[in-house]
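Just below is one structure, and these are the notes that go with it.
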Amino acid sequence: MTEGQHFLRSVADHLLDTSCHGEKIFLITNSQFFIPVPVCGNGNTWTQFFDADNPSATGDYETIALINQVYPGKLCPKPTAIDVRLVSNSAPYQTANQVVSISTSNGFACVNSQNSGQCKDYKARFCCPSSTYMSIID
Ligand SMILES: [Ca+2]
C-alpha cells in the first residue's frame with residue numbers, strides 16, 4: 001500500500017467512524033479531500049479549546065475524563081460534537097494523518113506507540129447545550 005493509499009484509507013476509516021456519531025462526512029475525490037468543520041447546531045455552543053495533556057509521555061490524551069480533572073466544571077455531561085485541532089496551527093486533526101481515537105463519549109486520544117514517532121499536540125473543544133454552558137461560565 002502506498003503512502004497515499006494509506007492516507008486515504010485512514011480518512012475512509014474516519015468516515016466510517018464519524019458517521020456512527022451522526023457527525024460530518026468527508027468528501028473524497030481522487031487525491032483531494034475536504035475536511036468539514038464540525039457543526040454545533042441550534043441551541044448549542046462550542047466550549048473553549050481544552051489542552052489538558054502533552055504528548056511527551058505516552059501520548060496526547062484530550063479525553064473527557066482528563067479534561068474534567070484539569071478543567072473542572074467547564075464541560076457539559078453529554079457533548080453533541082467534538083472538534084480537535086493541532087495546537088501548533090489550529091488545523092483539523094486529520095491533517096496530521098496520525099492514528100487517533102475520537103468520540104463525543106470519550107473525547108480524543110493519540111497514543112505514541114501507535115504512531116511512528118511522537119503524537120502531535122492536540123486541543124479539543126466540544127459542542128454543549130447553550131443553557132448548560134452559559135450557566136457554567138456565568
Ligand atoms: Ca494536547
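Quick note on naming: the chains in the C-alpha cells go A, B, ... in the order shown, residues restart at 1 in each chain, and ligands are numbered from 1 in order of appearance.
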Would you tabulate, counting only C-alpha atoms and all ligand atoms, all residues of chain A that have an atom at most 8 Å from an atom of ligand 1, showing the closest pair of atoms and their distance in Å to one decimal, sorted by chain then ascending number, as a tab-separated table?
residue	atom	partner	partner_atom_place_in_ligand_line	distance
A:Phe50	CA	ligand 1	1 (Ca)	7.8
A:Asp51	CA	ligand 1	1 (Ca)	4.5
A:Ala52	CA	ligand 1	1 (Ca)	5.7
A:Asp53	CA	ligand 1	1 (Ca)	4.4
A:Asn54	CA	ligand 1	1 (Ca)	4.6
A:Pro55	CA	ligand 1	1 (Ca)	6.6
A:Asp60	CA	ligand 1	1 (Ca)	5.3
A:Tyr61	CA	ligand 1	1 (Ca)	6.5
A:Glu62	CA	ligand 1	1 (Ca)	6.2
A:Val87	CA	ligand 1	1 (Ca)	7.0
A:Lys120	CA	ligand 1	1 (Ca)	7.8
A:Asp121	CA	ligand 1	1 (Ca)	4.4
A:Tyr122	CA	ligand 1	1 (Ca)	4.1
A:Lys123	CA	ligand 1	1 (Ca)	5.0
Emit the selected residues as a compact mmCIF listing (two decimals), in the first residue's frame, including N, CA and C atoms.
# COMPACT_ATOMS: atom_id res chain seq x y z
N PHE A 50 -9.73 22.92 24.88
CA PHE A 50 -9.04 22.35 26.03
C PHE A 50 -7.74 21.69 25.56
N ASP A 51 -6.66 21.96 26.26
CA ASP A 51 -5.38 21.30 26.01
C ASP A 51 -4.91 20.76 27.34
N ALA A 52 -5.41 19.58 27.69
CA ALA A 52 -5.19 19.05 29.04
C ALA A 52 -3.92 18.21 29.13
N ASP A 53 -3.32 17.89 28.00
CA ASP A 53 -2.20 16.95 28.04
C ASP A 53 -1.19 17.33 26.97
N ASN A 54 0.02 16.85 27.15
CA ASN A 54 1.07 16.97 26.15
C ASN A 54 1.52 15.58 25.74
N PRO A 55 2.02 15.42 24.52
CA PRO A 55 2.36 14.08 24.03
C PRO A 55 3.69 13.54 24.53
N ASP A 60 -0.97 11.93 23.58
CA ASP A 60 -1.71 13.15 23.88
C ASP A 60 -3.16 12.76 24.15
N TYR A 61 -3.56 12.92 25.38
CA TYR A 61 -4.90 12.48 25.80
C TYR A 61 -5.76 13.69 26.12
N GLU A 62 -6.67 13.99 25.22
CA GLU A 62 -7.67 15.04 25.47
C GLU A 62 -9.00 14.33 25.71
N VAL A 87 -2.45 21.99 18.11
CA VAL A 87 -2.09 23.18 18.88
C VAL A 87 -1.21 24.11 18.04
N LYS A 120 1.42 14.43 17.71
CA LYS A 120 1.38 15.89 17.75
C LYS A 120 0.64 16.32 19.02
N ASP A 121 0.72 17.61 19.32
CA ASP A 121 -0.03 18.15 20.45
C ASP A 121 -1.38 18.65 19.92
N TYR A 122 -2.44 18.11 20.47
CA TYR A 122 -3.79 18.44 20.02
C TYR A 122 -4.56 19.20 21.10
N LYS A 123 -5.61 19.87 20.66
CA LYS A 123 -6.55 20.52 21.57
C LYS A 123 -7.94 20.17 21.09
Apply DSSP to the structure's backbone, then extract all residues of range 24-107 of chain A labelled strand (DSSP E) and return them as number ranges by chain. A: 27-29, 32-34, 44-46, 59-63, 81-86, 101-103, 107
Any idea what the distance is between CA of Val39 in chain A and CA of Asn106 in chain A?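 So the two atoms, CA of Val39 in chain A and CA of Asn106 in chain A, lie 18.4 Å apart.
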Which of these residues is nearest to Ala109 in chain A, using only C-alpha atoms: A:Cys40, A:Leu75, A:Ile67, A:Ile35?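 Looking only at the distances to Ala109 in chain A, the closest residue turns out to be A:Ile67.
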Here is a test: counting only C-alpha atoms, which residue of A:Val111, A:Ala81, A:Ala124, A:Val70 is nearest to Tyr93 in chain A?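 Of A:Val111, A:Ala81, A:Ala124, A:Val70, the one nearest Tyr93 in chain A, counting only C-alpha atoms, is A:Ala124.
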Do a neighbour search on Gly107 in chain A at 7 Å with only C-alpha atoms, toss out local chain neighbours closer than 5 positions, and write the hits as a ChimeraX atom specification. /A:62-64,102
For CA of Pro77 in chain A and CA of Gln94 in chain A, the interatomic separation in Å (one decimal): 25.4 Å
Between CA of Ser131 in chain A and CA of Arg85 in chain A, measure the distance and give it in Å to one decimal.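 Interatomic distance here is 25.0 Å.
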Of the candidates A:Thr95, A:Asn68, A:Thr58, A:Cys76, which shows the shortest atom-to-atom distance to Gln114 in chain A, using only C-alpha atoms?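 Selected residue with least distance to Gln114 in chain A: A:Thr58.
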What's the 12 Å shell around Ala96 in chain A, counting only C-alpha atoms, without same-chain residues fewer than 4 positions away, as a list in words?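 Final neighbour list, sorted by chain and number: Phe7, Ser10, Val11, Val84, Arg85, Leu86, Val87, Ser88, Asn89, Ser90, Ala91, Pro92, Val100, Cys110, Asn115, Gln118, Cys119, Lys120, Asp121 and Tyr122 of chain A.
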With DSSP run on the backbone, what are the alpha helix (DSSP H) residues within range 17-110 of chain A? I'd like them as a ChimeraX atom specification. /A:17-20,64-70
Suppose we keep N, CA and C atoms; can you now write the selection as a tab-separated table (two decimals), in the first residue's frame?
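Wrote again.tsv, looks like this:
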chain	number	residue	atom	x	y	z
A	17	ASP	N	-16.14	5.92	11.05
A	17	ASP	CA	-16.22	6.17	12.48
A	17	ASP	C	-17.15	7.33	12.78
A	18	THR	N	-16.95	8.46	12.08
A	18	THR	CA	-17.71	9.64	12.45
A	18	THR	C	-19.17	9.52	12.05
A	19	SER	N	-19.44	8.76	10.98
A	19	SER	CA	-20.83	8.65	10.57
A	19	SER	C	-21.66	7.95	11.64
A	20	CYS	N	-21.01	7.11	12.44
A	20	CYS	CA	-21.72	6.43	13.52
A	20	CYS	C	-22.23	7.41	14.56
A	64	ILE	N	-12.37	13.15	27.83
A	64	ILE	CA	-13.35	13.85	28.66
A	64	ILE	C	-13.00	13.68	30.13
A	65	ALA	N	-12.54	12.49	30.50
A	65	ALA	CA	-12.18	12.24	31.89
A	65	ALA	C	-11.05	13.16	32.34
A	66	LEU	N	-10.01	13.29	31.52
A	66	LEU	CA	-8.88	14.13	31.90
A	66	LEU	C	-9.24	15.61	31.87
A	67	ILE	N	-10.01	16.00	30.86
A	67	ILE	CA	-10.42	17.41	30.78
A	67	ILE	C	-11.24	17.79	32.02
A	68	ASN	N	-12.09	16.88	32.47
A	68	ASN	CA	-12.88	17.18	33.67
A	68	ASN	C	-11.99	17.33	34.90
A	69	GLN	N	-10.84	16.65	34.89
A	69	GLN	CA	-9.91	16.81	36.02
A	69	GLN	C	-9.17	18.15	35.93
A	70	VAL	N	-8.70	18.47	34.73
A	70	VAL	CA	-7.85	19.65	34.56
A	70	VAL	C	-8.69	20.93	34.50
